[in-house]
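> Have a look at this one before I ask anything.
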Amino acid sequence: GGMQVNLIPGAKPSDPYTTVCERVIEKVTKDAADASCRDQLVAKLLVNKVGRKVVKQTVMTTVYGVTFVGARDQIKNRLHEAYGDPGTKELTEDEVYRAAGYLAKQTLLCVGDIFVGARRTMDWLTSSAKIVAGTGRAVQWVTPLGLPVVQPYRKTTSVAVRTVVQEVTLVVDSEDHPVNRMKQRTAFPPNFVHSLDSTHLMMTATSFAATGATFAGVHDSYWTHASDVELLAKVLREEFVQLYSLPVLEDLKARFEAEYQVVLPPLPPKGRLDLSVVKQSPYFFS
């Protein structure tokens, strides 16, 4: 997994989208040639039709907890654009839908095979959020920099307002409403990851500012003057290593169990990657 996202030094950048796409193509080709495979007919529809663009969005959002339904819809949109009415018209809308379901399943399986550790971590985050939300309270945590984060998702009610012209339905959201347990669960993995991304950004900004150089950034885009790019590259790698050398998941588990009085599943096992090699990886952040 670390190699696929350029944490490890390499002669050229790795592309996880292409890697997954190639695995999916292998699976589609195999199923299309297997008369005993129950998915043979739908696999035949996809021969020579699976490309990087088709699976990219699903691969990108898998580590953020995309569901099968979400993945199917993403892939359906790409297939519809390319091979449905707006495209070559090679596939009917029913064929697009069936092909998207099959391809979503294969894409998620291939991502799980390649990013084993990430998949286990996301599953653990989802399971933990489900247990926490089961207490009837919102999921909240504190980032490594001490920033408290509270998920605001609660059940809503609606009120119909009738006027002489029309009826308008207003959605009422309030902190007094019960938490939306499903949204608390599904939103936690991406929200937690983004909170760590923002932590890395702040750590980089603070450390880089201490050098006297100019810094600006938004989410995962870090900017400086051309003359200071090499220094920024060095600093952001150092801060990444520092951040993820901390017991991030251990601290989260301890805080959840103490705050909510729950027992969470054991943490997923750590991999063998030596984080320090990130400092020598030219394509880690480029």
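Letters A, B, ... mark the chains of the structure tokens in the order given; residue numbers begin at 1 per chain; ligand numbers begin at 1, in order shown.
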Restrict the calculation to only C-alpha atoms, then for each residue of region 239-269 of chain A with any atom at most 8 Å from an atom of region 127-137 of chain A give the closest atom pair and their distance in Å to one decimal, rows by chain and rising residue number, as a Markdown table.

| residue | atom | partner | partner_atom | distance |
| --- | --- | --- | --- | --- |
| A:Phe256 | CA | A:Val132 | CA | 7.4 |
| A:Tyr260 | CA | A:Val132 | CA | 6.7 |
| A:Val262 | CA | A:Val132 | CA | 7.3 |
| A:Leu264 | CA | A:Ser128 | CA | 6.0 |
| A:Pro265 | CA | A:Ser128 | CA | 7.3 |
> I'd like the contact shell of region 5-10 of chain A - 8 Å cut-off, only C-alpha atoms, skipping same-chain residues fewer than 2 positions apart - returned as a VMD selection string.
chain A and resid 1 to 3 12 to 16 275 277 to 278 280 to 284
> Keeping only C-alpha atoms, write those residues as a PDB file, in the first residue's frame.

ATOM      1  CA  GLY A   1       0.000   0.000   0.000  1.00  0.00           C
ATOM      2  CA  GLY A   2       2.718   2.470   0.926  1.00  0.00           C
ATOM      3  CA  MET A   3       4.506   1.854  -2.355  1.00  0.00           C
ATOM      4  CA  LYS A  12       9.121   6.978 -11.089  1.00  0.00           C
ATOM      5  CA  PRO A  13       5.805   7.906  -9.449  1.00  0.00           C
ATOM      6  CA  SER A  14       3.307   5.174  -8.678  1.00  0.00           C
ATOM      7  CA  ASP A  15      -0.287   5.563  -9.808  1.00  0.00           C
ATOM      8  CA  PRO A  16      -2.744   3.660  -7.590  1.00  0.00           C
ATOM      9  CA  LEU A 275       8.091   6.021   7.991  1.00  0.00           C
ATOM     10  CA  VAL A 277      11.881   6.617   4.182  1.00  0.00           C
ATOM     11  CA  VAL A 278       9.223   9.197   3.297  1.00  0.00           C
ATOM     12  CA  GLN A 280      13.759  10.362   0.694  1.00  0.00           C
ATOM     13  CA  SER A 281      10.678   9.728  -1.482  1.00  0.00           C
ATOM     14  CA  PRO A 282      10.769  12.225  -4.374  1.00  0.00           C
ATOM     15  CA  TYR A 283       7.172  11.595  -5.451  1.00  0.00           C
ATOM     16  CA  PHE A 284       5.538  11.525  -1.998  1.00  0.00           C
TER      17      PHE A 284
END
> For the structure I just gave you, how does DSSP split region 121-165 of chain A - specifically, which residues are strand (DSSP E or B)? Reply as an MDAnalysis selection string.
chainID A and resid 140:142 148:150 154 157:162
> Of the candidates A:Arg98, A:Lys279, A:Arg154, A:His219, which one gets nearest to Glu239 (chain A) if we count only C-alpha atoms?
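Ranked by minimum distance to Glu239 (chain A), first place goes to A:Lys279.
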> Based on the backbone DSSP call, show me all residues of region 59-235 of chain A assigned alpha helix (DSSP H), as an NGL selection string.
:A and (59-62 or 68-83 or 93-114 or 116-133 or 181-209 or 229-235)
> I'd like the interatomic distance between CA of Ile25 (chain A) and CA of Met122 (chain A), to a tenth of an Å.
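Computing it gives 25.3 Å between the two atoms.
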> Quick one: of A:Thr163, A:Pro247, A:Ser158, A:Thr143, who's nearest to Leu196 (chain A), counting only C-alpha atoms?
A:Thr143
